[in-house]
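What follows is the content of model.csv, which has CSV, C-alpha atoms:
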chain,number,residue,atom,x,y,z
A,1,MET,CA,-74.8,-92.5,-50.3
A,2,SER,CA,-75.2,-92.1,-46.5
A,3,SER,CA,-73.6,-95.4,-45.7
A,4,ALA,CA,-70.7,-94.6,-48.0
A,5,ILE,CA,-70.1,-91.3,-46.3
A,6,GLU,CA,-70.4,-92.9,-42.9
A,7,SER,CA,-67.8,-95.6,-44.0
A,8,GLU,CA,-65.4,-92.9,-45.1
A,9,ALA,CA,-65.8,-90.9,-41.9
A,10,GLY,CA,-65.2,-94.1,-39.9
A,11,ASP,CA,-62.0,-94.8,-41.9
A,12,LEU,CA,-60.8,-91.3,-41.3
A,13,THR,CA,-61.6,-91.5,-37.6
A,14,ALA,CA,-59.7,-94.8,-37.3
A,15,ALA,CA,-56.7,-93.3,-39.2
A,16,LEU,CA,-56.6,-90.3,-36.8
A,17,ARG,CA,-56.7,-92.5,-33.6
A,18,PRO,CA,-53.5,-93.3,-31.8
A,19,GLY,CA,-51.8,-95.9,-34.0
A,20,GLY,CA,-53.8,-94.9,-37.0
A,21,ALA,CA,-51.8,-94.5,-40.3
A,22,LEU,CA,-52.7,-90.9,-40.9
A,23,ARG,CA,-51.8,-89.8,-37.3
A,24,THR,CA,-48.6,-91.8,-37.4
A,25,GLY,CA,-47.5,-90.3,-40.7
A,26,CYS,CA,-48.3,-86.8,-39.6
A,27,LEU,CA,-46.4,-87.2,-36.3
A,28,LEU,CA,-43.4,-88.7,-38.1
A,29,ALA,CA,-43.4,-85.8,-40.6
A,30,ALA,CA,-43.7,-83.3,-37.7
A,31,THR,CA,-40.9,-85.0,-35.8
A,32,LEU,CA,-38.5,-84.9,-38.7
A,33,ALA,CA,-39.4,-81.2,-39.4
A,34,LEU,CA,-38.9,-80.3,-35.7
A,35,MET,CA,-35.6,-82.1,-35.6
A,36,SER,CA,-34.4,-80.4,-38.8
A,37,LEU,CA,-35.3,-77.0,-37.4
A,38,ALA,CA,-33.7,-77.8,-34.1
A,39,ALA,CA,-30.5,-79.0,-35.8
A,40,PHE,CA,-30.3,-75.8,-37.7
A,41,ALA,CA,-30.9,-73.7,-34.6
A,42,MET,CA,-28.4,-75.7,-32.6
A,43,LEU,CA,-25.8,-75.3,-35.3
A,44,ALA,CA,-26.3,-71.5,-35.4
A,45,VAL,CA,-26.0,-71.3,-31.6
A,46,ALA,CA,-22.9,-73.5,-31.7
A,47,ALA,CA,-21.3,-71.3,-34.3
A,48,VAL,CA,-22.0,-68.2,-32.3
A,49,THR,CA,-20.4,-69.8,-29.2
A,50,TRP,CA,-17.5,-71.2,-31.1
A,51,PHE,CA,-18.6,-74.8,-30.5
A,52,ARG,CA,-17.4,-74.6,-26.9
A,53,MET,CA,-20.6,-75.1,-24.9
A,54,ARG,CA,-21.4,-78.8,-25.4
A,55,ARG,CA,-23.2,-79.0,-22.0
A,56,PHE,CA,-25.6,-76.2,-23.1
A,57,TYR,CA,-26.2,-77.9,-26.4
A,58,THR,CA,-26.9,-81.2,-24.6
A,59,GLU,CA,-28.6,-80.3,-21.3
A,60,VAL,CA,-30.7,-77.4,-22.6
A,61,LEU,CA,-31.2,-77.6,-26.3
A,62,ALA,CA,-31.2,-81.3,-27.0
A,63,THR,CA,-33.0,-82.1,-23.7
A,64,GLY,CA,-35.7,-79.6,-24.5
A,65,LEU,CA,-36.0,-81.1,-28.0
A,66,ALA,CA,-36.3,-84.6,-26.7
A,67,ARG,CA,-39.0,-83.6,-24.2
A,68,THR,CA,-40.9,-81.8,-26.9
A,69,ILE,CA,-40.9,-84.8,-29.2
A,70,LEU,CA,-42.0,-87.1,-26.4
A,71,LYS,CA,-44.8,-84.7,-25.5
A,72,MET,CA,-45.9,-84.5,-29.1
A,73,TRP,CA,-46.1,-88.3,-29.3
A,74,GLY,CA,-48.1,-88.3,-26.0
A,75,VAL,CA,-45.4,-90.1,-24.1
A,76,ARG,CA,-44.8,-89.1,-20.5
A,77,VAL,CA,-41.7,-90.0,-18.6
A,78,THR,CA,-41.7,-90.5,-14.8
A,79,PHE,CA,-38.2,-90.6,-13.4
A,80,HIS,CA,-37.8,-92.6,-10.2
A,81,GLN,CA,-34.6,-91.0,-8.7
A,82,ASP,CA,-33.9,-91.8,-5.0
A,83,GLN,CA,-30.7,-89.8,-4.9
A,84,PRO,CA,-29.2,-86.9,-6.8
A,85,PHE,CA,-27.0,-87.4,-9.8
A,86,ALA,CA,-23.4,-88.1,-8.9
A,87,LYS,CA,-20.9,-85.2,-9.3
A,88,CYS,CA,-18.1,-87.5,-10.3
A,89,GLN,CA,-17.5,-89.1,-13.7
A,90,THR,CA,-20.2,-91.8,-14.2
A,91,ILE,CA,-20.9,-94.6,-16.6
A,92,TYR,CA,-24.7,-94.7,-17.1
A,93,VAL,CA,-26.1,-98.0,-18.5
A,94,SER,CA,-29.6,-99.2,-19.3
A,95,ASN,CA,-31.6,-101.9,-21.0
A,96,HIS,CA,-32.5,-101.1,-24.6
A,97,THR,CA,-35.9,-102.2,-25.9
A,98,SER,CA,-37.1,-99.3,-28.1
A,99,THR,CA,-36.4,-96.6,-30.6
A,100,LEU,CA,-37.9,-94.3,-27.9
A,101,ASP,CA,-34.9,-94.9,-25.6
A,102,VAL,CA,-32.6,-92.3,-27.1
A,103,PHE,CA,-35.3,-89.6,-26.7
A,104,ILE,CA,-36.1,-90.8,-23.2
A,105,LEU,CA,-32.4,-90.8,-22.1
A,106,ILE,CA,-31.7,-87.3,-23.5
A,107,ALA,CA,-34.9,-86.0,-21.9
A,108,LEU,CA,-33.5,-87.0,-18.5
A,109,GLY,CA,-30.8,-84.4,-18.7
A,110,LEU,CA,-28.0,-86.6,-17.5
A,111,PRO,CA,-25.4,-84.1,-16.2
A,112,ASN,CA,-22.2,-83.6,-18.2
A,113,ALA,CA,-22.8,-86.8,-20.2
A,114,ARG,CA,-22.1,-87.9,-23.7
A,115,PHE,CA,-23.8,-90.8,-25.4
A,116,PHE,CA,-22.9,-93.8,-27.4
A,117,VAL,CA,-25.3,-94.2,-30.4
A,118,PHE,CA,-25.3,-96.6,-33.3
A,119,GLY,CA,-23.5,-94.9,-36.2
A,120,GLY,CA,-26.2,-95.9,-38.7
A,121,THR,CA,-28.4,-93.1,-37.3
A,122,ARG,CA,-26.1,-90.5,-39.0
A,123,LYS,CA,-27.8,-91.2,-42.3
A,124,TRP,CA,-30.5,-88.9,-40.9
A,125,LEU,CA,-28.9,-85.5,-41.3
A,126,PRO,CA,-30.6,-83.9,-38.2
A,127,MET,CA,-29.4,-86.8,-36.1
A,128,ALA,CA,-25.9,-86.4,-37.4
A,129,VAL,CA,-25.8,-82.7,-36.7
A,130,ILE,CA,-27.3,-82.9,-33.2
A,131,GLY,CA,-25.2,-85.9,-32.3
A,132,HIS,CA,-22.0,-84.2,-33.4
A,133,LEU,CA,-22.8,-81.0,-31.4
A,134,ILE,CA,-23.6,-82.9,-28.2
A,135,GLY,CA,-20.4,-85.0,-28.5
A,136,THR,CA,-21.9,-88.4,-29.4
A,137,PHE,CA,-19.7,-91.4,-29.9
A,138,PHE,CA,-21.1,-93.1,-33.0
A,139,THR,CA,-20.4,-96.8,-32.8
A,140,PRO,CA,-19.7,-99.0,-35.8
A,141,PRO,CA,-21.7,-102.2,-36.3
A,142,GLN,CA,-20.9,-105.1,-34.0
A,143,THR,CA,-19.6,-107.1,-37.0
A,144,THR,CA,-16.7,-104.7,-37.4
A,145,ARG,CA,-14.7,-105.5,-34.3
A,146,ALA,CA,-11.6,-103.5,-35.2
A,147,ASP,CA,-13.6,-100.3,-35.8
A,148,ARG,CA,-15.5,-100.7,-32.6
A,149,VAL,CA,-12.3,-101.1,-30.6
A,150,LYS,CA,-10.9,-97.9,-32.1
A,151,CYS,CA,-14.2,-96.1,-31.3
A,152,PHE,CA,-14.0,-97.2,-27.6
A,153,GLU,CA,-10.3,-96.4,-27.4
A,154,ARG,CA,-11.0,-92.9,-28.7
A,155,ALA,CA,-14.0,-92.5,-26.3
A,156,GLU,CA,-11.8,-93.5,-23.4
A,157,ARG,CA,-9.1,-90.9,-24.3
A,158,VAL,CA,-11.7,-88.2,-24.6
A,159,LEU,CA,-13.5,-89.1,-21.3
A,160,ARG,CA,-10.2,-89.5,-19.4
A,161,ARG,CA,-9.2,-86.0,-20.6
A,162,THR,CA,-12.5,-84.3,-20.0
A,163,GLY,CA,-13.8,-86.2,-16.9
A,164,GLU,CA,-17.2,-86.3,-18.5
A,165,SER,CA,-19.8,-89.0,-17.9
A,166,VAL,CA,-21.2,-91.2,-20.6
A,167,TYR,CA,-24.2,-93.3,-21.4
A,168,LEU,CA,-24.2,-96.6,-23.3
A,169,SER,CA,-26.3,-99.7,-23.5
A,170,PRO,CA,-24.6,-103.0,-22.7
A,171,GLU,CA,-27.1,-104.8,-24.9
A,172,GLY,CA,-25.9,-102.8,-27.8
A,173,GLU,CA,-29.1,-103.2,-29.8
A,174,ARG,CA,-32.8,-103.0,-29.3
A,175,ILE,CA,-34.1,-106.2,-27.6
A,176,THR,CA,-37.7,-106.9,-28.3
A,177,THR,CA,-38.1,-110.3,-26.8
A,178,GLY,CA,-39.4,-109.0,-23.4
A,179,GLN,CA,-36.2,-110.3,-21.7
A,180,ILE,CA,-32.8,-108.8,-20.8
A,181,GLY,CA,-30.5,-109.5,-23.7
A,182,PRO,CA,-26.8,-110.6,-23.7
A,183,PHE,CA,-24.4,-107.9,-22.5
A,184,ASN,CA,-21.3,-106.7,-24.4
A,185,LYS,CA,-18.1,-105.9,-22.6
A,186,GLY,CA,-17.6,-102.3,-23.8
A,187,ALA,CA,-19.3,-100.5,-20.8
A,188,PHE,CA,-17.4,-102.6,-18.3
A,189,HIS,CA,-14.1,-102.3,-20.0
A,190,LEU,CA,-14.6,-98.5,-20.0
A,191,ALA,CA,-15.7,-98.4,-16.4
A,192,THR,CA,-12.7,-100.5,-15.3
A,193,ASN,CA,-10.2,-98.4,-17.1
A,194,LEU,CA,-11.7,-95.1,-15.9
A,195,ARG,CA,-12.4,-96.3,-12.4
A,196,ALA,CA,-15.8,-94.7,-12.8
A,197,PRO,CA,-18.9,-96.0,-11.0
A,198,ILE,CA,-21.7,-97.6,-13.1
A,199,VAL,CA,-25.2,-96.2,-12.5
A,200,PRO,CA,-27.9,-98.6,-13.7
A,201,LEU,CA,-31.0,-97.1,-15.4
A,202,TYR,CA,-34.0,-99.3,-16.1
A,203,ILE,CA,-36.4,-98.1,-18.8
A,204,ASP,CA,-39.9,-99.6,-18.4
A,205,ILE,CA,-42.0,-98.9,-21.5
A,206,PRO,CA,-45.6,-100.3,-21.5
A,207,PRO,CA,-46.0,-102.9,-24.3
A,208,GLU,CA,-48.9,-100.9,-25.8
A,209,THR,CA,-46.7,-97.8,-26.0
A,210,ASN,CA,-43.4,-99.4,-27.1
A,211,PRO,CA,-42.7,-99.2,-30.9
A,212,GLY,CA,-39.8,-101.7,-30.5
A,213,LEU,CA,-37.8,-101.4,-33.8
A,214,GLY,CA,-40.4,-99.1,-35.3
A,215,PHE,CA,-41.0,-95.3,-35.1
A,216,ALA,CA,-44.7,-95.1,-34.0
A,217,PRO,CA,-45.1,-95.1,-30.2
A,218,LEU,CA,-48.5,-94.8,-28.8
A,219,PRO,CA,-49.4,-92.5,-25.9
A,220,GLY,CA,-48.5,-93.7,-22.5
A,221,THR,CA,-46.3,-93.3,-19.4
A,222,VAL,CA,-42.7,-94.6,-19.3
A,223,HIS,CA,-41.0,-95.2,-16.0
A,224,VAL,CA,-37.3,-94.8,-15.6
A,225,TYR,CA,-35.6,-96.2,-12.5
A,226,MET,CA,-32.2,-95.0,-11.4
A,227,LYS,CA,-30.4,-97.4,-9.0
A,228,PRO,CA,-27.5,-96.7,-6.7
A,229,PRO,CA,-24.0,-96.6,-8.2
A,230,ILE,CA,-21.9,-99.8,-8.6
A,231,GLU,CA,-18.4,-99.0,-7.5
A,232,THR,CA,-15.7,-100.2,-9.9
A,233,CYS,CA,-12.5,-98.9,-8.3
A,234,GLN,CA,-11.4,-102.5,-7.4
A,235,TRP,CA,-12.3,-104.0,-10.7
A,236,GLN,CA,-9.7,-105.6,-12.9
A,237,LEU,CA,-9.7,-106.3,-16.6
A,238,ASP,CA,-9.3,-110.0,-15.9
A,239,ASP,CA,-12.7,-109.9,-14.2
A,240,LEU,CA,-14.6,-108.4,-17.1
A,241,GLU,CA,-16.8,-111.5,-17.6
A,242,SER,CA,-17.7,-111.9,-14.0
A,243,ASN,CA,-18.4,-108.2,-13.5
A,244,LYS,CA,-20.5,-108.1,-16.7
A,245,LYS,CA,-22.5,-111.1,-15.4
A,246,GLN,CA,-23.0,-109.5,-12.0
A,247,VAL,CA,-24.6,-106.4,-13.6
A,248,ARG,CA,-26.7,-108.4,-16.0
A,249,ASP,CA,-28.0,-110.5,-13.2
A,250,PHE,CA,-28.9,-107.3,-11.4
A,251,TYR,CA,-30.9,-106.3,-14.4
A,252,ILE,CA,-32.6,-109.7,-14.7
A,253,ILE,CA,-33.7,-109.5,-11.1
A,254,MET,CA,-35.0,-105.9,-11.5
A,255,HIS,CA,-36.8,-106.8,-14.7
A,256,ASP,CA,-38.5,-109.9,-13.2
A,257,ASP,CA,-39.5,-107.9,-10.1
A,258,LEU,CA,-41.2,-105.2,-12.2
A,259,ARG,CA,-43.0,-107.8,-14.3
A,260,ARG,CA,-44.3,-109.5,-11.2
A,261,ARG,CA,-45.6,-106.2,-9.8
A,262,ALA,CA,-47.3,-105.4,-13.1
A,263,SER,CA,-49.1,-108.8,-13.3
As structure tokens, please, write out the structure in this file.
Amino acid sequence: MSSAIESEAGDLTAALRPGGALRTGCLLAATLALMSLAAFAMLAVAAVTWFRMRRFYTEVLATGLARTILKMWGVRVTFHQDQPFAKCQTIYVSNHTSTLDVFILIALGLPNARFFVFGGTRKWLPMAVIGHLIGTFFTPPQTTRADRVKCFERAERVLRRTGESVYLSPEGERITTGQIGPFNKGAFHLATNLRAPIVPLYIDIPPETNPGLGFAPLPGTVHVYMKPPIETCQWQLDDLESNKKQVRDFYIIMHDDLRRRAS
């Protein structure tokens, strides 16, 4: 009897440890509940303010929610920022290795910025509500080229009219190979047409923390590095491929340098 009780206690202890099934399930349930409550609260605030305070919904409400969720999961974010955010319209880009990225990026509080997010996330009602309120551009799958072109054309019209900044990942999908993935043209086409500088962000998530394609990060510290702006005022659409390669090469160098430091 004693050994059976000890075995059950050991199983429960293991389940409650970081990465344990019970802890993960409880945190996922708590995250969904918190996001649902936040979506309802944000919708109420938006209704009272006539849906005219997008920056407040993004930089205060959504940023606070993202920071709370990361804290709940035991994920700390250290932001390495050598200079203040630019006051002009900016195209923020980053590598994309994890489900955590969207929470990390919103937690940074990028000023006056919208986000490109994969449209499939709208199947989760809280994500759909929050995304709509903060002005997210929901992108169609990469296999539907015509729909993606329309999405980017609409985004360009909105950004040209409002002067807002925007974040998107050139990789377009989560890359879990440990390398920098292929870059798409969307971010560079947008930056060229808007004549807006590109600010590279590099998200460094420890392998033991990174859930990759999953939803169960382990506690740890994530480092986000903001690099100096890349000016695009002289860029031409004919040079999209070379400009895309230039920025991707910059990411490869940064990635390799961080890996060397860590080893």
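From CA of Trp73 in chain A back to CA of Gly25 in chain A, the distance works out to 11.7 Å.
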For each of A:Pro211, A:Lys150, A:Thr58, A:Asp249, take the minimum atom-to-atom distance to Leu133 in chain A, counting only C-alpha atoms, then give the residue where this is smallest.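 Among the listed residues, A:Thr58 lies closest to Leu133 in chain A.
Proximity to Tyr225 in chain A was assessed for A:Tyr92, A:Tyr57, A:Phe188, A:Phe137 counting all atoms listed in the file; the smallest distance is recorded for A:Tyr92.
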Contacts of His255 in chain A within 12 Å, only C-alpha atoms, excl. fewer than 2 positions in-chain, as a list of chain:residue names: A:Ser94, A:Asn95, A:Gly178, A:Gln179, A:Ile180, A:Gly181, A:Leu201, A:Tyr202, A:Ile203, A:Asp204, A:Ile205, A:Tyr225, A:Arg248, A:Asp249, A:Phe250, A:Tyr251, A:Ile252, A:Ile253, A:Asp257, A:Leu258, A:Arg259, A:Arg260, A:Arg261, A:Ala262
Taking into account all atoms listed in the file, which residue in the set A:Leu43, A:Val149, A:Met72, A:Ile104 is nearest to Val224 in chain A?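 When distances to Val224 in chain A are compared using all atoms listed in the file, the smallest one comes from A:Ile104.
The residue that comes closest to Arg23 in chain A, out of A:Thr63, A:Phe40, A:Arg148, A:Gly74 and on the basis of all atoms listed in the file, is A:Gly74.
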Skipping near chain neighbours, those fewer than 4 positions away, what residues fall within 12 Å of Ala62 in chain A using only C-alpha atoms, listed as a PyMOL selection string? chain A and resi 34-35+37-39+41-43+54-58+66-69+102-110+114+126-127+129-136
Please, what distance in Å, to one decimal, runs between CA of Thr31 in chain A and CA of Leu70 in chain A?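 Spanning CA of Thr31 in chain A to CA of Leu70 in chain A is a straight-line distance of 9.7 Å.
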Residues at most 8 Å from Asn112 in chain A, counting all atoms listed in the file, excluding those fewer than 3 positions away in the same chain, as an MDAnalysis selection string? chainID A and resid 55 59 164:165
Print the selection's residues with C-alpha atoms to a file, as a compact mmCIF listing (two decimals), keeping the file's coordinate frame.
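selection02.txt, written as the output of this step:
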# COMPACT_ATOMS: atom_id res chain seq x y z
CA ARG A 55 -23.20 -79.00 -22.00
CA GLU A 59 -28.60 -80.30 -21.30
CA GLU A 164 -17.20 -86.30 -18.50
CA SER A 165 -19.80 -89.00 -17.90
Interatomic distance, CA of Val222 in chain A to CA of Val77 in chain A (Å, one decimal): 4.8 Å
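Using only C-alpha atoms, the nearest neighbour of Ile230 in chain A within the list A:Asp147, A:Val75, A:Phe138, A:Ile198 is A:Ile198.
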Looking at A:Pro207, A:Thr144, A:Arg157, A:Leu27, which one is nearest to Lys71 in chain A, with distances taken over all atoms listed in the file?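 Looking at the shortest contact to Lys71 in chain A, the residue is A:Leu27.
Summary of the local environment: counting all atoms listed in the file, residues at most 8 Å from Arg195 in chain A, other than itself and those fewer than 3 positions away along its chain, are Ala191, Thr192, Thr232, Cys233 and Trp235 of chain A.
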Write only C-alpha atoms for range 149-188 of chain A from the block just shown, as an mmCIF file, in the first residue's frame.
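The resulting selection.cif:
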data_model
loop_
_atom_site.group_PDB
_atom_site.id
_atom_site.type_symbol
_atom_site.label_atom_id
_atom_site.label_comp_id
_atom_site.auth_asym_id
_atom_site.auth_seq_id
_atom_site.Cartn_x
_atom_site.Cartn_y
_atom_site.Cartn_z
ATOM 1 C CA VAL A 149 -1.800 39.983 -52.620
ATOM 2 C CA LYS A 150 -5.188 41.538 -51.793
ATOM 3 C CA CYS A 151 -4.369 41.397 -48.075
ATOM 4 C CA PHE A 152 -1.051 43.217 -48.553
ATOM 5 C CA GLU A 153 -2.599 45.763 -50.923
ATOM 6 C CA ARG A 154 -5.272 46.548 -48.347
ATOM 7 C CA ALA A 155 -2.644 46.779 -45.592
ATOM 8 C CA GLU A 156 -0.590 49.197 -47.682
ATOM 9 C CA ARG A 157 -3.619 51.430 -48.251
ATOM 10 C CA VAL A 158 -4.403 51.481 -44.531
ATOM 11 C CA LEU A 159 -0.801 52.136 -43.493
ATOM 12 C CA ARG A 160 -0.336 54.846 -46.115
ATOM 13 C CA ARG A 161 -3.472 56.583 -44.865
ATOM 14 C CA THR A 162 -2.747 56.281 -41.130
ATOM 15 C CA GLY A 163 1.072 56.478 -41.037
ATOM 16 C CA GLU A 164 1.063 53.598 -38.559
ATOM 17 C CA SER A 165 3.919 51.153 -38.131
ATOM 18 C CA VAL A 166 3.517 47.424 -38.644
ATOM 19 C CA TYR A 167 5.141 44.131 -37.674
ATOM 20 C CA LEU A 168 5.435 41.036 -39.851
ATOM 21 C CA SER A 169 7.745 38.053 -40.129
ATOM 22 C CA PRO A 170 9.524 37.583 -43.477
ATOM 23 C CA GLU A 171 9.716 33.848 -42.760
ATOM 24 C CA GLY A 172 5.926 33.741 -42.764
ATOM 25 C CA GLU A 173 5.707 30.597 -40.653
ATOM 26 C CA ARG A 174 7.341 29.127 -37.576
ATOM 27 C CA ILE A 175 10.796 27.751 -38.403
ATOM 28 C CA THR A 176 11.851 25.016 -35.992
ATOM 29 C CA THR A 177 15.018 23.818 -37.722
ATOM 30 C CA GLY A 178 17.300 26.027 -35.629
ATOM 31 C CA GLN A 179 18.208 28.055 -38.716
ATOM 32 C CA ILE A 180 16.936 31.201 -40.420
ATOM 33 C CA GLY A 181 14.272 30.145 -42.902
ATOM 34 C CA PRO A 182 13.584 31.451 -46.423
ATOM 35 C CA PHE A 183 12.235 35.016 -46.560
ATOM 36 C CA ASN A 184 9.088 36.077 -48.390
ATOM 37 C CA LYS A 185 8.894 39.364 -50.314
ATOM 38 C CA GLY A 186 5.896 40.900 -48.541
ATOM 39 C CA ALA A 187 7.747 42.924 -45.904
ATOM 40 C CA PHE A 188 10.233 44.288 -48.437
#
